Every structure is written in C-alpha cells, then in structure tokens.
$ cat work.txt   # compact mmCIF, C-alpha atoms
# COMPACT_ATOMS: atom_id res chain seq x y z
CA ASN A 14 0.00 0.00 0.00
CA ILE A 15 2.82 2.41 0.81
CA ILE A 16 4.44 1.77 -2.57
CA LYS A 17 1.08 2.14 -4.36
CA LYS A 18 0.37 5.46 -2.67
CA LEU A 19 3.85 6.68 -3.56
CA MET A 20 3.58 5.61 -7.20
CA GLN A 21 -0.14 6.21 -7.82
CA GLY A 22 -1.00 8.79 -5.18
CA GLU A 23 -3.17 9.02 -2.07
CA ASN A 24 -5.80 11.15 -3.82
CA TYR A 25 -9.36 10.69 -2.45
CA ARG A 26 -9.20 6.92 -1.83
CA GLU A 27 -10.56 7.28 1.70
CA ALA A 28 -13.65 9.14 0.49
CA TRP A 29 -14.33 6.57 -2.25
CA ALA A 30 -13.98 3.67 0.20
CA LYS A 31 -16.11 5.08 3.01
CA PRO A 32 -19.59 3.47 3.41
CA VAL A 33 -22.36 6.02 2.84
CA LYS A 34 -26.17 6.18 2.71
CA PHE A 35 -28.15 8.05 0.06
CA PRO A 36 -31.84 8.21 -0.93
CA VAL A 37 -33.16 5.43 -3.17
CA ILE A 38 -35.31 6.78 -6.00
CA MET A 39 -37.91 5.25 -8.30
CA LEU A 40 -38.47 7.20 -11.51
CA ASP A 41 -42.21 6.54 -11.63
CA THR A 42 -42.74 8.33 -8.30
CA LEU A 43 -39.84 10.83 -8.24
CA MET A 44 -41.32 14.37 -8.26
CA GLY A 45 -44.64 12.99 -9.43
CA GLY A 46 -43.04 10.77 -12.07
CA MET A 47 -40.09 11.12 -14.42
CA THR A 48 -39.81 10.00 -18.03
CA ILE A 49 -36.54 9.29 -19.82
CA VAL A 50 -35.91 11.74 -22.68
CA LYS A 51 -32.60 10.40 -23.99
CA GLU A 52 -29.20 9.00 -23.09
CA GLY A 53 -26.22 11.32 -22.95
CA GLY A 54 -22.79 11.66 -21.40
CA GLY A 55 -19.27 12.60 -22.37
CA LYS A 56 -16.06 10.61 -22.62
CA GLN A 57 -16.20 9.32 -19.05
CA THR A 58 -19.71 9.89 -17.74
CA HIS A 59 -22.90 7.95 -18.46
CA SER A 60 -26.08 9.98 -18.13
CA LEU A 61 -29.83 9.98 -18.69
CA LYS A 62 -31.88 13.10 -19.37
CA LEU A 63 -35.22 13.09 -17.54
CA LYS A 64 -38.39 15.21 -17.64
CA ASN A 65 -41.01 15.66 -14.92
CA LYS A 66 -44.72 16.41 -15.38
CA GLU A 67 -44.08 20.16 -15.32
CA GLY A 68 -41.68 19.81 -18.22
CA GLU A 69 -38.55 20.53 -16.17
CA LEU A 70 -35.45 18.70 -17.38
CA TYR A 71 -33.07 16.83 -15.08
CA THR A 72 -29.98 14.69 -15.59
CA LEU A 73 -28.80 11.53 -13.87
CA ARG A 74 -25.00 11.56 -14.06
CA SER A 75 -22.99 8.51 -13.03
CA VAL A 76 -20.66 8.99 -10.06
CA THR A 77 -18.31 6.21 -11.16
CA LYS A 78 -16.49 7.08 -14.38
CA ASP A 79 -15.21 5.18 -17.39
CA PRO A 80 -11.77 6.60 -18.24
CA GLN A 81 -11.08 4.07 -21.01
CA PRO A 82 -11.48 6.67 -23.83
CA LEU A 83 -8.77 8.82 -22.24
CA ILE A 84 -6.09 6.13 -21.96
CA PRO A 85 -3.14 7.24 -24.14
CA ASP A 86 -1.47 4.76 -26.49
CA VAL A 87 1.79 4.93 -24.55
CA ALA A 88 -0.03 3.67 -21.43
CA ARG A 89 -1.63 0.79 -23.37
CA THR A 90 1.74 -0.16 -24.82
CA LEU A 91 3.31 -0.23 -21.37
CA LYS A 92 0.29 -2.09 -19.92
CA LEU A 93 -0.46 0.77 -17.55
CA GLU A 94 -4.21 1.01 -18.21
CA ASN A 95 -4.96 0.28 -14.56
CA ILE A 96 -2.95 3.34 -13.55
CA ILE A 97 -5.17 5.58 -15.69
CA VAL A 98 -8.34 3.98 -14.36
CA ASP A 99 -6.99 4.40 -10.83
CA GLY A 100 -6.67 8.13 -11.57
CA ILE A 101 -10.39 8.46 -10.92
CA SER A 102 -9.42 8.43 -7.24
CA GLY A 103 -8.13 11.98 -7.83
CA GLN A 104 -11.74 13.08 -8.34
CA HIS A 105 -13.74 13.57 -5.16
CA PRO A 106 -16.99 11.55 -5.36
CA TYR A 107 -18.96 14.38 -3.71
CA GLY A 108 -17.09 17.35 -5.17
CA ALA A 109 -20.08 18.51 -7.22
CA ILE A 110 -22.26 18.73 -4.10
CA LEU A 111 -19.75 20.87 -2.22
CA ALA A 112 -19.25 23.03 -5.33
CA SER A 113 -23.01 23.62 -5.44
CA GLU A 114 -23.13 24.68 -1.78
CA LEU A 115 -20.22 27.08 -2.31
CA ALA A 116 -21.88 28.45 -5.45
CA ASN A 117 -25.04 29.13 -3.42
CA ALA A 118 -22.97 31.04 -0.87
CA ALA A 119 -21.36 33.04 -3.71
CA HIS A 120 -24.80 33.73 -5.26
CA LEU A 121 -23.89 31.88 -8.46
CA MET A 122 -26.42 29.97 -10.51
CA ASN A 123 -25.92 26.21 -10.42
CA THR A 124 -27.78 22.97 -11.11
CA HIS A 125 -28.27 21.90 -7.44
CA PRO A 126 -26.99 18.30 -7.66
CA LYS A 127 -28.05 15.64 -5.15
CA MET A 128 -26.66 12.13 -4.70
CA VAL A 129 -29.15 9.29 -5.23
CA PHE A 130 -29.14 5.52 -5.69
CA VAL A 131 -31.12 4.17 -8.66
CA PRO A 132 -32.08 0.48 -8.37
CA LYS A 133 -33.13 -1.60 -11.36
CA GLN A 134 -36.78 -0.83 -12.14
CA ALA A 135 -39.40 -1.07 -14.85
CA ARG A 136 -39.23 2.64 -15.76
CA LEU A 137 -35.58 2.23 -16.81
CA GLY A 138 -36.60 -0.32 -19.45
CA THR A 139 -33.69 -1.12 -21.77
CA TYR A 140 -31.41 1.11 -19.67
CA ASN A 141 -31.57 -1.24 -16.67
CA GLU A 142 -28.37 -3.06 -17.56
CA ASN A 143 -26.18 0.05 -17.72
CA TYR A 144 -27.99 2.29 -15.24
CA GLY A 145 -29.70 0.06 -12.68
CA ASN A 146 -28.20 -0.37 -9.19
CA ARG A 147 -25.82 2.56 -9.49
CA LEU A 148 -25.07 5.82 -7.68
CA PHE A 149 -25.88 9.05 -9.54
CA LEU A 150 -25.88 12.80 -9.26
CA LEU A 151 -29.39 14.08 -9.94
CA GLU A 152 -29.26 17.69 -11.09
CA LYS A 153 -31.19 20.31 -13.04
CA GLU A 154 -30.45 20.47 -16.75
CA THR A 155 -28.67 23.44 -18.32
CA GLU A 156 -31.42 23.76 -20.92
CA GLY A 157 -35.21 23.73 -21.06
CA GLU A 158 -38.34 25.75 -21.76
CA VAL A 159 -39.48 25.80 -18.12
CA ASN A 160 -37.98 28.50 -15.91
CA TRP A 161 -37.00 26.97 -12.55
CA THR A 162 -34.60 29.80 -11.64
CA HIS A 163 -35.26 32.86 -9.45
CA TYR A 164 -34.92 35.17 -12.47
CA LYS A 165 -38.03 36.86 -13.89
CA ASN A 166 -39.05 37.26 -17.55
CA VAL A 167 -37.08 34.21 -18.63
CA LYS A 168 -37.74 33.10 -22.19
CA GLU A 169 -35.88 29.77 -21.93
CA ILE A 170 -32.62 28.16 -20.83
CA ILE A 171 -30.34 27.12 -23.69
CA GLU A 172 -26.96 25.44 -24.23
CA THR A 173 -23.84 27.18 -25.52
CA LYS A 174 -24.14 26.02 -29.14
CA ASP A 175 -27.70 27.40 -29.30
CA LEU A 176 -26.53 30.65 -27.71
CA GLN A 177 -23.85 31.04 -30.37
CA GLU A 178 -26.38 30.51 -33.17
CA LEU A 179 -28.80 32.96 -31.55
CA LYS A 180 -26.09 35.57 -31.08
CA ALA A 181 -25.21 35.32 -34.78
CA LYS A 182 -28.84 36.13 -35.65
CA MET A 183 -29.56 38.80 -33.04
CA GLY A 184 -26.24 40.63 -32.86
CA ASP A 185 -26.32 43.48 -30.34
CA ASP A 186 -29.90 42.62 -29.37
CA LEU A 187 -28.44 39.71 -27.37
CA HIS A 188 -25.75 40.42 -24.80
CA ILE A 189 -23.93 38.25 -22.28
CA ASN A 190 -23.96 39.12 -18.60
CA GLU A 191 -20.18 39.46 -18.51
CA ASP A 192 -19.96 40.22 -14.79
CA GLU A 193 -21.64 36.92 -13.92
CA LEU A 194 -19.49 35.04 -16.44
CA VAL A 195 -16.23 36.43 -15.02
CA LYS A 196 -17.47 35.67 -11.50
CA ALA A 197 -18.29 32.08 -12.52
CA ARG A 198 -14.89 31.58 -14.18
CA LEU A 199 -13.05 32.92 -11.13
CA PHE A 200 -15.08 30.47 -9.07
CA ASP A 201 -13.84 27.66 -11.39
CA LEU A 202 -10.26 28.61 -10.52
CA ILE A 203 -10.92 28.78 -6.78
CA ILE A 204 -12.42 25.26 -6.65
CA GLY A 205 -9.90 23.81 -9.11
CA ASP A 206 -12.52 22.78 -11.68
CA TRP A 207 -10.48 22.31 -14.87
CA ASP A 208 -13.20 20.54 -16.89
CA ARG A 209 -15.21 23.50 -18.16
CA HIS A 210 -15.85 23.00 -21.89
CA ALA A 211 -18.73 24.66 -23.73
CA GLU A 212 -21.22 21.81 -23.26
CA GLN A 213 -21.09 22.25 -19.48
CA TRP A 214 -22.70 25.67 -19.48
CA GLY A 215 -26.31 26.72 -19.72
CA TRP A 216 -27.58 30.23 -20.46
CA ILE A 217 -30.70 31.79 -18.94
CA LEU A 218 -32.27 34.04 -21.55
CA GLN A 219 -33.90 36.98 -19.81
CA GLN A 220 -36.20 39.24 -21.81
CA GLU A 221 -35.39 42.95 -21.62
CA GLY A 222 -37.93 44.64 -23.87
CA LYS A 223 -37.03 43.55 -27.40
CA LYS A 224 -33.55 42.48 -26.32
CA LEU A 225 -32.23 39.40 -24.50
CA LYS A 226 -29.65 39.02 -21.76
CA ALA A 227 -27.84 35.67 -21.38
CA ILE A 228 -26.96 34.75 -17.79
CA PRO A 229 -24.40 31.91 -17.42
CA MET A 230 -25.08 28.79 -15.36
CA ALA A 231 -22.39 26.16 -14.78
CA GLY A 232 -23.26 22.46 -14.71
CA ASP A 233 -21.39 19.18 -14.38
CA ARG A 234 -19.10 20.14 -11.50
CA ASP A 235 -17.85 16.61 -10.71
CA ASN A 236 -14.21 17.51 -11.41
CA ALA A 237 -14.10 20.24 -8.79
CA PHE A 238 -11.29 19.89 -6.20
CA PHE A 239 -9.44 17.43 -8.46
CA ASP A 240 -6.28 16.28 -6.68
CA LEU A 241 -3.94 13.88 -8.47
CA ASP A 242 -0.53 13.00 -7.07
CA GLY A 243 1.93 10.12 -7.24
CA VAL A 244 4.98 9.47 -9.39
CA ILE A 245 3.29 7.65 -12.29
CA PRO A 246 0.39 10.14 -12.79
CA PHE A 247 2.97 12.95 -12.73
CA ILE A 248 4.77 11.32 -15.64
CA LEU A 249 1.65 10.38 -17.63
CA THR A 250 0.14 13.88 -17.34
CA ASN A 251 3.28 15.60 -18.58
CA LYS A 252 2.41 17.86 -21.52
CA TYR A 253 5.08 16.18 -23.66
CA VAL A 254 3.76 12.67 -22.97
CA ASN A 255 0.04 13.19 -23.51
CA PRO A 256 -1.25 16.76 -24.06
CA LEU A 257 -4.94 15.67 -23.94
CA VAL A 258 -4.68 14.30 -20.40
CA ARG A 259 -2.57 17.30 -19.41
$ encode --input "work.txt" --output "structure tokens"
Amino acid sequence: NIIKKLMQGENYREAWAKPVKFPVIMLDTLMGGMTIVKEGGGKQTHSLKLKNKEGELYTLRSVTKDPQPLIPDVARTLKLENIIVDGISGQHPYGAILASELANAAHLMNTHPKMVFVPKQARLGTYNENYGNRLFLLEKETEGEVNWTHYKNVKEIIETKDLQELKAKMGDDLHINEDELVKARLFDLIIGDWDRHAEQWGWILQQEGKKLKAIPMAGDRDNAFFDLDGVIPFILTNKYVNPLVR
C-alpha cells in the first residue's frame, strides 16, 4: 500500500472507500413521475436526461467514471491502463455537491446536484443493464423551456451552441452578462474545476424589452477539487507525454 500510494498517489481513496447512505429513487414516483428523454454523457460519464410532469429537465449523471477513452497509447503499450483507471481516485466523489453549496454562498447559478441511488426498475426499461443499481448525481439540466430559476421574464434556458447561433442572428440585441461570467470563471479557478468546456454551461435568456440578456449557469461540476498526485500520474500527465490528459 505504501508503494502504491507513492507511485499512484493518495488522492481521495478514503472518500471513495467510506460506506455512505443516500436516498433510493424510483423514476415513476420521483417528483410525481419522471420519463426518460434520452441518453447522454461525455467521454467518461454515463447519463440519462429526464423530464417531470411540469416539463422541467433533469440529468442523472454517473458517479463512477469510465476513463477508457482517455487512456493514451503509450499507457496501453506499457500495460499501464490500470494506472489511468486508478486516476479516478483523484476526483472527489462528492465534489459537485460541495461546489453547489459554495456556489449558493457566492450567489452563483448552479444545477443543485443531489446524490441518489437508482435500483433496477421497470421505468428504466432497456437502460436497466447500464444504469440500474448505481449511484448518480441528480441535477437540473442546463437547458429547457421551463424557468426553474429565481430570475423573472425568462424566455428559456439554452446550451452554448444554441446561444452562439442565436447571437449570430440577433447581434447586439443579445448580450452576455459578462460580470456573472467572469465571476463564474473565477469560481472555477478557486475550486480547481479544470473541466469546463462549452457543453457544461447553460444560459438563462432573460427578456429585456425587445432584447435578450444571457446569464451563465455552470453544470457538471464533478471535477471540482481534483487532486492527483503520485509518481506515475505525474509522468503520464506531462504535456510532452500526452497533451490531452494534461
């Protein structure tokens, strides 16, 4: 164990190994009943987009990750795949929850994630095999026609790609709330959240007469407080070895 911690790092192993209790949810009764809209997820995360009876969108995001797509060829050649997979221990399993609480204190919009356990169930249907009996973050979606925020006169909540297309059409009639965006990006730096690509932002479109203001809202905070140490990860994340992982 001492050698492993030296070579692969201490990281958040204690948090991952600690027994915990979380609410068990059934989709047919959750918030009056949830329906599955579609499957999503990025390179490491598996997710399901859900909708409640009011039309609000939510996402179930897997807590355990699949880092296989990020394993560099050099690691496969050297048979070090297990080292990359072990790197997940550098991600705190409850980082997104703490990030949300800190965002609330800083008066920043966020998706209010909660940890839940999803057992196998009829409502999952064909998704039972991959999503049943797993731990998830349940959070608000960064898009949708229903306004669940505290802002008034909200037209809709859209993703970054839709904001870019809308900005191209509207020009100066659509402006970004730059103060809130800078505040949100500074918050990223404070909590060490390096995984902030365009798909992890939502934009609250607030009507101001004939013009629109876009207010940023960060989602998918599960890489906050990332802490990776150890000799081997230090080598594998070197910018000259594998820039993508770096």
$ closest_residue --input "work.txt" --among "A:Trp214, A:Tyr71, A:Phe238, A:Trp207" --to "Gly53 in chain A" --atoms "all atoms listed in the file"
A:Tyr71
$ closest_residue --input "work.txt" --among "A:Leu194, A:Ile189, A:Met128, A:Ala231" --to "Val37 in chain A" --atoms "all atoms listed in the file"
A:Met128
$ closest_residue --input "work.txt" --among "A:Pro32, A:Gly46, A:Gly184, A:Gly22" --to "Glu69 in chain A" --atoms "only C-alpha atoms"
A:Gly46
$ closest_residue --input "work.txt" --among "A:Asp206, A:Asp240, A:Glu212, A:Glu169" --to "Gln21 in chain A" --atoms "only C-alpha atoms"
A:Asp240
$ closest_residue --input "work.txt" --among "A:Gly145, A:Gly205, A:Gly222, A:Pro246" --to "Leu19 in chain A" --atoms "all atoms listed in the file"
A:Pro246
$ residues_around --input "work.txt" --residues "Gly68 in chain A" --least-positions-apart "2" --cutoff "8 Å" --atoms "all atoms listed in the file" --output "NGL selection string"
:A and (64-66 or 70 or 158-159)
$ atom_distance --input "work.txt" --atom1 "CA of Lys223 in chain A" --atom2 "CA of Ala181 in chain A"
16.2 Å
$ atom_distance --input "work.txt" --atom1 "CA of Ile228 in chain A" --atom2 "CA of Asn190 in chain A"
5.4 Å
$ residues_around --input "work.txt" --residues "His125 in chain A" --least-positions-apart "5" --cutoff "9 Å" --atoms "only C-alpha atoms" --output "ChimeraX atom specification"
/A:109-110,113-114,117,151-153,232
$ write_last_selection --input "work.txt" --atoms "C-alpha atoms" --output "mmCIF file, in the coordinates of the input"
data_model
loop_
_atom_site.group_PDB
_atom_site.id
_atom_site.type_symbol
_atom_site.label_atom_id
_atom_site.label_comp_id
_atom_site.auth_asym_id
_atom_site.auth_seq_id
_atom_site.Cartn_x
_atom_site.Cartn_y
_atom_site.Cartn_z
ATOM 1 C CA ALA A 109 -20.080 18.510 -7.220
ATOM 2 C CA ILE A 110 -22.260 18.730 -4.100
ATOM 3 C CA SER A 113 -23.010 23.620 -5.440
ATOM 4 C CA GLU A 114 -23.130 24.680 -1.780
ATOM 5 C CA ASN A 117 -25.040 29.130 -3.420
ATOM 6 C CA LEU A 151 -29.390 14.080 -9.940
ATOM 7 C CA GLU A 152 -29.260 17.690 -11.090
ATOM 8 C CA LYS A 153 -31.190 20.310 -13.040
ATOM 9 C CA GLY A 232 -23.260 22.460 -14.710
#
$ closest_residue --input "work.txt" --among "A:Met39, A:Trp161, A:Pro106, A:Thr124" --to "Glu67 in chain A" --atoms "all atoms listed in the file"
A:Trp161
$ atom_distance --input "work.txt" --atom1 "CA of Ile16 in chain A" --atom2 "CA of Val244 in chain A"
10.3 Å
$ residues_around --input "work.txt" --residues "range 133-141 of chain A" --least-positions-apart "2" --cutoff "9 Å" --atoms "all atoms listed in the file" --output "number ranges by chain"
A: 39-41, 47-49, 52, 131, 143-147
$ residues_around --input "work.txt" --residues "Ala211 in chain A" --least-positions-apart "4" --cutoff "9 Å" --atoms "only C-alpha atoms" --output "list of chain:residue names"
A:Glu172, A:Thr173, A:Lys174, A:Gly215
$ write_last_selection --input "work.txt" --atoms "C-alpha atoms" --output "compact mmCIF listing (two decimals), in the coordinates of the input"
# COMPACT_ATOMS: atom_id res chain seq x y z
CA GLU A 172 -26.96 25.44 -24.23
CA THR A 173 -23.84 27.18 -25.52
CA LYS A 174 -24.14 26.02 -29.14
CA GLY A 215 -26.31 26.72 -19.72
$ residues_around --input "work.txt" --residues "Asn236 in chain A" --least-positions-apart "6" --cutoff "12 Å" --atoms "all atoms listed in the file" --output "mmCIF file with C-alpha atoms, keeping the file's coordinate frame"
data_model
loop_
_atom_site.group_PDB
_atom_site.id
_atom_site.type_symbol
_atom_site.label_atom_id
_atom_site.label_comp_id
_atom_site.auth_asym_id
_atom_site.auth_seq_id
_atom_site.Cartn_x
_atom_site.Cartn_y
_atom_site.Cartn_z
ATOM 1 C CA GLN A 57 -16.200 9.320 -19.050
ATOM 2 C CA THR A 58 -19.710 9.890 -17.740
ATOM 3 C CA VAL A 76 -20.660 8.990 -10.060
ATOM 4 C CA LYS A 78 -16.490 7.080 -14.380
ATOM 5 C CA ILE A 101 -10.390 8.460 -10.920
ATOM 6 C CA SER A 102 -9.420 8.430 -7.240
ATOM 7 C CA GLY A 103 -8.130 11.980 -7.830
ATOM 8 C CA GLN A 104 -11.740 13.080 -8.340
ATOM 9 C CA HIS A 105 -13.740 13.570 -5.160
ATOM 10 C CA PRO A 106 -16.990 11.550 -5.360
ATOM 11 C CA TYR A 107 -18.960 14.380 -3.710
ATOM 12 C CA GLY A 108 -17.090 17.350 -5.170
ATOM 13 C CA ALA A 109 -20.080 18.510 -7.220
ATOM 14 C CA ILE A 110 -22.260 18.730 -4.100
ATOM 15 C CA LEU A 111 -19.750 20.870 -2.220
ATOM 16 C CA ALA A 112 -19.250 23.030 -5.330
ATOM 17 C CA ASP A 201 -13.840 27.660 -11.390
ATOM 18 C CA LEU A 202 -10.260 28.610 -10.520
ATOM 19 C CA ILE A 204 -12.420 25.260 -6.650
ATOM 20 C CA GLY A 205 -9.900 23.810 -9.110
ATOM 21 C CA ASP A 206 -12.520 22.780 -11.680
ATOM 22 C CA TRP A 207 -10.480 22.310 -14.870
ATOM 23 C CA ASP A 208 -13.200 20.540 -16.890
ATOM 24 C CA ARG A 209 -15.210 23.500 -18.160
ATOM 25 C CA HIS A 210 -15.850 23.000 -21.890
ATOM 26 C CA GLN A 213 -21.090 22.250 -19.480
#
